[in-house]
Structures are given as C-alpha cells and as structure tokens.
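Novice: Okay, handing you the structure first.
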Amino acid sequence: MADRMAALRRVRIVLVEPAGPRNVGAIARVMKNMGLQQLVLVNPQCDPLGEEARLMAVRGSDRLESAQIVATIPEALQGCRRVIATTGREQTALNIPLEPPRACLPWLLAEPDSDTALIFGREDRGLSNEELNLAQRLLYIPAEAEYESLNLAQATGLCCYELRMACLEPRVEQGQDRLEQMPGVQGGAIAPHDQREGFYRDLEALLLRVGYLYPHTAPSRMEKMRQILNRAYPSAKEVAMLRGVVSQVTWALGRSPSPPNASPKQE
C-alpha cells in the first residue's frame, strides 16, 4: 500500500494551455482530495494563482502554488517513464487503441520510484494527433452519446479518483498484484520520455540522410516509428542500445565515400 501511495505522488497531472482559471482551481482541489501532488501547466492561458482559481481550489491552493509552469509538453514530460494522454474523440488517426480510465491508469503506478504523467488537452479542442503521439497509451472516457463532452475539471476528477482507487484495491487471486501484470513491468524500468525522444531525433536524422525519409513525409513516417517503439515499452538500456546502433551507422556513413543503397523511396 505504501509503495502505491508513493507512486500516486509521482504522477504528474499535465494541463495543456488551460484557459479557465476555475477549471484549474477545481483540478487543484480534486488533486488534494485524491492525494496527487504534482500539477504541471503547459503555457497556461489564465492566471493559475488568481482569485477565481483560488476560489475553486479552497484548501487545495497549495497545489496551485507548487504547480510547475512550462512552455511545451516535452518539458512537462522530462524524466517520465510512462505517459498517458487523454482524448475526447472516439476515434483518432493514430494506431493506438483508446482505453477507459480503469483499464489503463493503474499502469502509471506500476513503478513506484518512477515519474509518470497524465496529459489533458485544451478545453476547446483537446490535444492534436502530434501531441497525443507523445504518449504510450491513450485514455478515453466513455460517456452517454447524447452528451459526450466532459468539462476539463470533471474529466480530471474522474481520472484522479480512478488513480486513487487503483492504489486502494485489494490484491487479486493467488496474491499477485494486478499492477505487476501490466505491460512494461518486466525487463527493467521503462526508458524516460526524453531518452526516447532523443532516439527518435537521431533515428529521423539518419533516415533522412540515407534517403528512407524525405522532409515532407518524415512527420507521418516517424509517427508510425514512434508507435512501434512505444508499444514495446523499451527499458532505458534497450533504448541506449538502439541509439548506439543509430550512432554507429551514422559514424560508418561518414567514413564511406557514398551512402549505402537506400530503401525504396517513401511517398
């Protein structure tokens, strides 16, 4: 139980460009209610310490005062090994399944000593496909078809509650913890987000150099590359090995009079 509560305190609630100070305040309050401590605001479009936010936060104002403010989502995710992004769309163009909170949120708690993140998008348009693709898993809250749109604070509150319940639930049959069965637990700690992003940058540069990618197709192709690796939940050692392969190939190309035969062109 103590390990689970420690994991809960390592979860970052990341709000991308929140525009409503009352939403931010309400989220700070429910975080305090449910035992979450880390609030990260990406380029906020309101004053998170203003009167309206504090009015809604009540005794959760300390979460507002300790909130970290950053300019970009990658900054908010630095050091995080597990990242889930939320979406209000039933379908996305990404080849990543949408999961309800109860199915995926316990995964954030499986490594008690690791920082993790749960990303929420803008009130009016959520997260773009490019932003969603920064996460390993996608969360969707199934709601009544007659009115599916959830308020940002409501959606965050539901997720904070499910995270707390995942900490409190009893062990399953034969004494095995359900968290230990979640993907990515075996084989070492999952590589941090910034390490994975470094590998993607190196890989893209190499593939552009050898002609597998072209500048106009690189974003969509790299999106698919990212999804393949994210599904594998690689450890830090595994990503370091892959990055070493890319580095060695890049070095070898520099010694060759011409690059090796390129793969068929990608249109």
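Going through the structure tokens in order, the chains are called A, B, and so on, while each chain numbers its residues from 1 and the ligands are numbered from 1 in the order shown.
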At a cut-off of 9 Å, using only C-alpha atoms, what residues contact Glu223 (chain A)? Leave out same-chain residues fewer than 3 positions from it and give the result as a PyMOL selection string.

Specialist: chain A and resi 94+130+133+218-220+226-228

Novice: Wanna dump the region 142-251 of chain A-region 89-92 of chain A contacts at 10 Å for me, each residue with its shortest atom pair and the distance in Å to one decimal, counting only C-alpha atoms, ordered by chain and number, as CSV?

Specialist:
```
residue,atom,partner,partner_atom,distance
A:Pro142,CA,A:Glu90,CA,8.3
A:Glu148,CA,A:Arg89,CA,9.3
A:Ser149,CA,A:Arg89,CA,9.2
```

Novice: Please produce an output containing C-alpha atoms for each residue in the selection, written as an mmCIF file, in the first residue's frame.

Specialist:
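This went into result08.cif:
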```cif
data_model
loop_
_atom_site.group_PDB
_atom_site.id
_atom_site.type_symbol
_atom_site.label_atom_id
_atom_site.label_comp_id
_atom_site.auth_asym_id
_atom_site.auth_seq_id
_atom_site.Cartn_x
_atom_site.Cartn_y
_atom_site.Cartn_z
ATOM 1 C CA PRO A 142 -16.926 6.603 -22.462
ATOM 2 C CA GLU A 148 -20.254 13.046 -24.614
ATOM 3 C CA SER A 149 -18.288 16.221 -23.957
#
```

Novice: Mind pulling up the distance from CA of Ala57 (chain A) to CA of Thr87 (chain A)?

Specialist: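 A separation of 24.3 Å between them.
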
Novice: May I ask for the distance between CA of Tyr212 (chain A) and CA of Leu253 (chain A), given in Å to one decimal place?

Specialist: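 Pair CA of Tyr212 (chain A) / CA of Leu253 (chain A) returns 14.2 Å.
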
Novice: As a VMD selection string, please: every residue in region 7-192 of chain A that a backbone DSSP assignment puts in strand (DSSP E).

Specialist: chain A and resid 11 to 16 38 to 42 68 to 70 80 to 86 98 to 99 115 to 120 137 to 139

Novice: Export, as a JSON list (two decimals), in the first residue's frame, the selected residues with N, CA and C atoms.

Specialist:
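Final file, result30.json:
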```
[["chain", "number", "residue", "atom", "x", "y", "z"],
["A", 11, "VAL", "N", 2.82, 10.88, -9.92],
["A", 11, "VAL", "CA", 2.05, 11.12, -11.15],
["A", 11, "VAL", "C", 1.91, 12.63, -11.37],
["A", 12, "ARG", "N", 2.29, 13.10, -12.54],
["A", 12, "ARG", "CA", 2.11, 14.49, -12.90],
["A", 12, "ARG", "C", 0.79, 14.66, -13.64],
["A", 13, "ILE", "N", -0.03, 15.58, -13.18],
["A", 13, "ILE", "CA", -1.23, 15.96, -13.90],
["A", 13, "ILE", "C", -0.83, 17.14, -14.79],
["A", 14, "VAL", "N", -0.81, 16.92, -16.09],
["A", 14, "VAL", "CA", -0.33, 17.93, -17.04],
["A", 14, "VAL", "C", -1.52, 18.54, -17.78],
["A", 15, "LEU", "N", -1.71, 19.84, -17.63],
["A", 15, "LEU", "CA", -2.78, 20.56, -18.30],
["A", 15, "LEU", "C", -2.17, 21.41, -19.41],
["A", 16, "VAL", "N", -2.60, 21.19, -20.64],
["A", 16, "VAL", "CA", -2.04, 21.90, -21.78],
["A", 16, "VAL", "C", -2.89, 23.13, -22.11],
["A", 38, "GLN", "N", 1.53, 16.60, -7.95],
["A", 38, "GLN", "CA", 2.27, 17.31, -8.99],
["A", 38, "GLN", "C", 1.34, 17.83, -10.09],
["A", 39, "LEU", "N", 1.20, 19.14, -10.16],
["A", 39, "LEU", "CA", 0.43, 19.80, -11.20],
["A", 39, "LEU", "C", 1.40, 20.54, -12.11],
["A", 40, "VAL", "N", 1.30, 20.28, -13.41],
["A", 40, "VAL", "CA", 2.16, 20.94, -14.39],
["A", 40, "VAL", "C", 1.27, 21.64, -15.42],
["A", 41, "LEU", "N", 1.51, 22.93, -15.64],
["A", 41, "LEU", "CA", 0.72, 23.72, -16.57],
["A", 41, "LEU", "C", 1.59, 24.08, -17.77],
["A", 42, "VAL", "N", 1.14, 23.68, -18.95],
["A", 42, "VAL", "CA", 1.87, 23.98, -20.18],
["A", 42, "VAL", "C", 1.27, 25.23, -20.82],
["A", 68, "GLN", "N", 4.11, 23.59, -11.46],
["A", 68, "GLN", "CA", 5.21, 23.90, -12.35],
["A", 68, "GLN", "C", 4.64, 24.44, -13.66],
["A", 69, "ILE", "N", 5.17, 25.55, -14.15],
["A", 69, "ILE", "CA", 4.72, 26.14, -15.40],
["A", 69, "ILE", "C", 5.83, 26.00, -16.43],
["A", 70, "VAL", "N", 5.52, 25.39, -17.57],
["A", 70, "VAL", "CA", 6.50, 25.15, -18.63],
["A", 70, "VAL", "C", 5.91, 25.63, -19.95],
["A", 80, "CYS", "N", 9.82, 11.40, -17.30],
["A", 80, "CYS", "CA", 8.69, 10.49, -17.14],
["A", 80, "CYS", "C", 8.90, 9.21, -17.94],
["A", 81, "ARG", "N", 8.69, 8.07, -17.31],
["A", 81, "ARG", "CA", 8.83, 6.79, -17.98],
["A", 81, "ARG", "C", 7.52, 6.34, -18.62],
["A", 82, "ARG", "N", 6.41, 6.67, -18.02],
["A", 82, "ARG", "CA", 5.10, 6.25, -18.51],
["A", 82, "ARG", "C", 4.23, 7.48, -18.70],
["A", 83, "VAL", "N", 3.62, 7.57, -19.88],
["A", 83, "VAL", "CA", 2.81, 8.75, -20.21],
["A", 83, "VAL", "C", 1.50, 8.29, -20.84],
["A", 84, "ILE", "N", 0.40, 8.79, -20.31],
["A", 84, "ILE", "CA", -0.92, 8.58, -20.90],
["A", 84, "ILE", "C", -1.49, 9.93, -21.28],
["A", 85, "ALA", "N", -2.04, 10.02, -22.47],
["A", 85, "ALA", "CA", -2.72, 11.24, -22.92],
["A", 85, "ALA", "C", -4.21, 10.98, -23.02],
["A", 86, "THR", "N", -5.00, 11.99, -22.77],
["A", 86, "THR", "CA", -6.45, 11.85, -22.81],
["A", 86, "THR", "C", -7.00, 12.47, -24.09],
["A", 98, "LEU", "N", -7.85, 3.24, -27.88],
["A", 98, "LEU", "CA", -8.38, 4.09, -26.82],
["A", 98, "LEU", "C", -8.85, 3.20, -25.67],
["A", 99, "GLU", "N", -8.47, 3.56, -24.45],
["A", 99, "GLU", "CA", -8.79, 2.73, -23.29],
["A", 99, "GLU", "C", -9.54, 3.54, -22.24],
["A", 115, "ASP", "N", 8.73, 8.69, -12.24],
["A", 115, "ASP", "CA", 7.80, 9.77, -12.55],
["A", 115, "ASP", "C", 6.95, 9.36, -13.75],
["A", 116, "THR", "N", 5.68, 9.68, -13.69],
["A", 116, "THR", "CA", 4.75, 9.38, -14.78],
["A", 116, "THR", "C", 3.89, 10.61, -15.04],
["A", 117, "ALA", "N", 3.12, 10.58, -16.13],
["A", 117, "ALA", "CA", 2.32, 11.76, -16.46],
["A", 117, "ALA", "C", 1.00, 11.38, -17.09],
["A", 118, "LEU", "N", -0.01, 12.18, -16.80],
["A", 118, "LEU", "CA", -1.33, 12.07, -17.39],
["A", 118, "LEU", "C", -1.65, 13.43, -18.00],
["A", 119, "ILE", "N", -1.79, 13.48, -19.33],
["A", 119, "ILE", "CA", -1.93, 14.75, -20.05],
["A", 119, "ILE", "C", -3.38, 15.03, -20.40],
["A", 120, "PHE", "N", -3.82, 16.24, -20.13],
["A", 120, "PHE", "CA", -5.16, 16.70, -20.51],
["A", 120, "PHE", "C", -5.02, 17.88, -21.48],
["A", 137, "ARG", "N", 0.09, 5.50, -24.25],
["A", 137, "ARG", "CA", -1.28, 4.99, -24.22],
["A", 137, "ARG", "C", -2.25, 6.17, -24.26],
["A", 138, "LEU", "N", -3.47, 5.91, -24.77],
["A", 138, "LEU", "CA", -4.48, 6.95, -24.89],
["A", 138, "LEU", "C", -5.70, 6.57, -24.05],
["A", 139, "LEU", "N", -6.20, 7.55, -23.33],
["A", 139, "LEU", "CA", -7.35, 7.35, -22.44],
["A", 139, "LEU", "C", -8.56, 8.08, -23.02]]
```

Novice: Tell me which protein, DNA and RNA residues are within 9 Å of Asp47 (chain A), counting only C-alpha atoms, leaving out same-chain ones fewer than 4 positions away, and put them as a ChimeraX atom specification.

Specialist: /A:19-21,51-53

Novice: How would the residues just chosen look if you wrote them out with C-alpha atoms as a CSV table (one decimal), in the first residue's frame?

Specialist:
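So out-v2.csv came out as:
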```csv
chain,number,residue,atom,x,y,z
A,19,ALA,CA,-7.9,28.8,-20.4
A,20,GLY,CA,-10.3,28.6,-17.4
A,21,PRO,CA,-9.0,29.6,-14.0
A,51,GLU,CA,-8.8,34.9,-7.3
A,52,GLU,CA,-11.0,32.7,-9.4
A,53,ALA,CA,-8.6,29.7,-9.3
```

Novice: Please indicate the distance in Å from CA of Leu152 (chain A) to CA of Asp124 (chain A), rounded to one decimal place.

Specialist: 9.5 Å

Novice: Would you mind listing what lies within 9 Å of region 189-200 of chain A as an MDAnalysis selection string, with only C-alpha atoms counted and same-chain residues fewer than 4 positions away left out?

Specialist: chainID A and resid 74:75 77:83 111 114:115 134:135 184:185 204:205 222 225:226 229:230 233:240 242:243 246

Novice: Find, counting only C-alpha atoms, the residue in A:Ile73, A:Leu64, A:Val24, A:Leu163 that gets nearest to Asn43 (chain A).

Specialist: A:Ile73

Novice: Write out as a ChimeraX atom specification all residues of region 89-236 of chain A that backbone DSSP assigns to alpha helix (DSSP H).

Specialist: /A:101-104,129-132,152-168,193-210,218-232,236

Novice: Take the residues from that selection and write them out as a PDB file, in the first residue's frame, keeping C-alpha atoms.

Specialist:
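As a result, out-v3.pdb now contains:
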```pdb
ATOM      1  CA  PRO A 101      -9.580   5.042 -17.251  1.00  0.00           C
ATOM      2  CA  ARG A 102      -9.915   1.873 -15.194  1.00  0.00           C
ATOM      3  CA  ALA A 103      -8.098  -0.191 -17.829  1.00  0.00           C
ATOM      4  CA  CYS A 104      -5.031   1.995 -18.302  1.00  0.00           C
ATOM      5  CA  ASN A 129      -2.577  13.998 -33.045  1.00  0.00           C
ATOM      6  CA  GLU A 130       1.057  15.072 -32.806  1.00  0.00           C
ATOM      7  CA  GLU A 131       0.634  15.777 -29.091  1.00  0.00           C
ATOM      8  CA  LEU A 132      -1.253  12.533 -28.485  1.00  0.00           C
ATOM      9  CA  LEU A 152     -11.888  19.541 -18.163  1.00  0.00           C
ATOM     10  CA  ALA A 153     -12.198  19.579 -14.375  1.00  0.00           C
ATOM     11  CA  GLN A 154     -14.781  16.765 -14.453  1.00  0.00           C
ATOM     12  CA  ALA A 155     -12.587  14.562 -16.649  1.00  0.00           C
ATOM     13  CA  THR A 156      -9.554  15.216 -14.471  1.00  0.00           C
ATOM     14  CA  GLY A 157     -11.554  14.491 -11.317  1.00  0.00           C
ATOM     15  CA  LEU A 158     -12.721  11.121 -12.680  1.00  0.00           C
ATOM     16  CA  CYS A 159      -9.146  10.155 -13.516  1.00  0.00           C
ATOM     17  CA  CYS A 160      -7.772  11.275 -10.155  1.00  0.00           C
ATOM     18  CA  TYR A 161     -10.411   9.142  -8.438  1.00  0.00           C
ATOM     19  CA  GLU A 162      -9.559   6.089 -10.558  1.00  0.00           C
ATOM     20  CA  LEU A 163      -5.856   6.544  -9.806  1.00  0.00           C
ATOM     21  CA  ARG A 164      -6.580   6.579  -6.081  1.00  0.00           C
ATOM     22  CA  MET A 165      -8.831   3.525  -6.323  1.00  0.00           C
ATOM     23  CA  ALA A 166      -6.084   1.677  -8.202  1.00  0.00           C
ATOM     24  CA  CYS A 167      -3.887   2.280  -5.163  1.00  0.00           C
ATOM     25  CA  LEU A 168      -6.517   1.094  -2.706  1.00  0.00           C
ATOM     26  CA  HIS A 193      10.327  10.140 -22.217  1.00  0.00           C
ATOM     27  CA  ASP A 194      13.274  12.441 -23.000  1.00  0.00           C
ATOM     28  CA  GLN A 195      15.569   9.464 -23.698  1.00  0.00           C
ATOM     29  CA  ARG A 196      13.040   8.020 -26.134  1.00  0.00           C
ATOM     30  CA  GLU A 197      12.643  11.404 -27.805  1.00  0.00           C
ATOM     31  CA  GLY A 198      16.426  11.658 -28.226  1.00  0.00           C
ATOM     32  CA  PHE A 199      16.420   8.312 -30.007  1.00  0.00           C
ATOM     33  CA  TYR A 200      13.603   9.412 -32.336  1.00  0.00           C
ATOM     34  CA  ARG A 201      15.532  12.565 -33.271  1.00  0.00           C
ATOM     35  CA  ASP A 202      18.689  10.571 -34.015  1.00  0.00           C
ATOM     36  CA  LEU A 203      16.755   7.967 -35.999  1.00  0.00           C
ATOM     37  CA  GLU A 204      14.946  10.599 -38.069  1.00  0.00           C
ATOM     38  CA  ALA A 205      18.227  12.342 -38.920  1.00  0.00           C
ATOM     39  CA  LEU A 206      19.762   9.038 -40.038  1.00  0.00           C
ATOM     40  CA  LEU A 207      16.752   8.009 -42.136  1.00  0.00           C
ATOM     41  CA  LEU A 208      16.687  11.407 -43.822  1.00  0.00           C
ATOM     42  CA  ARG A 209      20.387  11.078 -44.573  1.00  0.00           C
ATOM     43  CA  VAL A 210      20.111   7.663 -46.249  1.00  0.00           C
ATOM     44  CA  ALA A 218       9.166  12.464 -42.258  1.00  0.00           C
ATOM     45  CA  PRO A 219       6.489  13.515 -39.702  1.00  0.00           C
ATOM     46  CA  SER A 220       3.965  10.841 -40.723  1.00  0.00           C
ATOM     47  CA  ARG A 221       6.614   8.110 -41.071  1.00  0.00           C
ATOM     48  CA  MET A 222       8.208   8.960 -37.731  1.00  0.00           C
ATOM     49  CA  GLU A 223       4.761   8.928 -36.139  1.00  0.00           C
ATOM     50  CA  LYS A 224       4.494   5.251 -37.095  1.00  0.00           C
ATOM     51  CA  MET A 225       8.065   4.544 -35.931  1.00  0.00           C
ATOM     52  CA  ARG A 226       7.219   6.096 -32.575  1.00  0.00           C
ATOM     53  CA  GLN A 227       4.105   3.956 -32.187  1.00  0.00           C
ATOM     54  CA  ILE A 228       6.049   0.751 -32.887  1.00  0.00           C
ATOM     55  CA  LEU A 229       8.624   1.503 -30.199  1.00  0.00           C
ATOM     56  CA  ASN A 230       6.069   2.792 -27.687  1.00  0.00           C
ATOM     57  CA  ARG A 231       4.113  -0.471 -27.920  1.00  0.00           C
ATOM     58  CA  ALA A 232       7.261  -2.343 -26.873  1.00  0.00           C
ATOM     59  CA  ALA A 236      16.492   2.595 -20.689  1.00  0.00           C
TER      60      ALA A 236
END
```
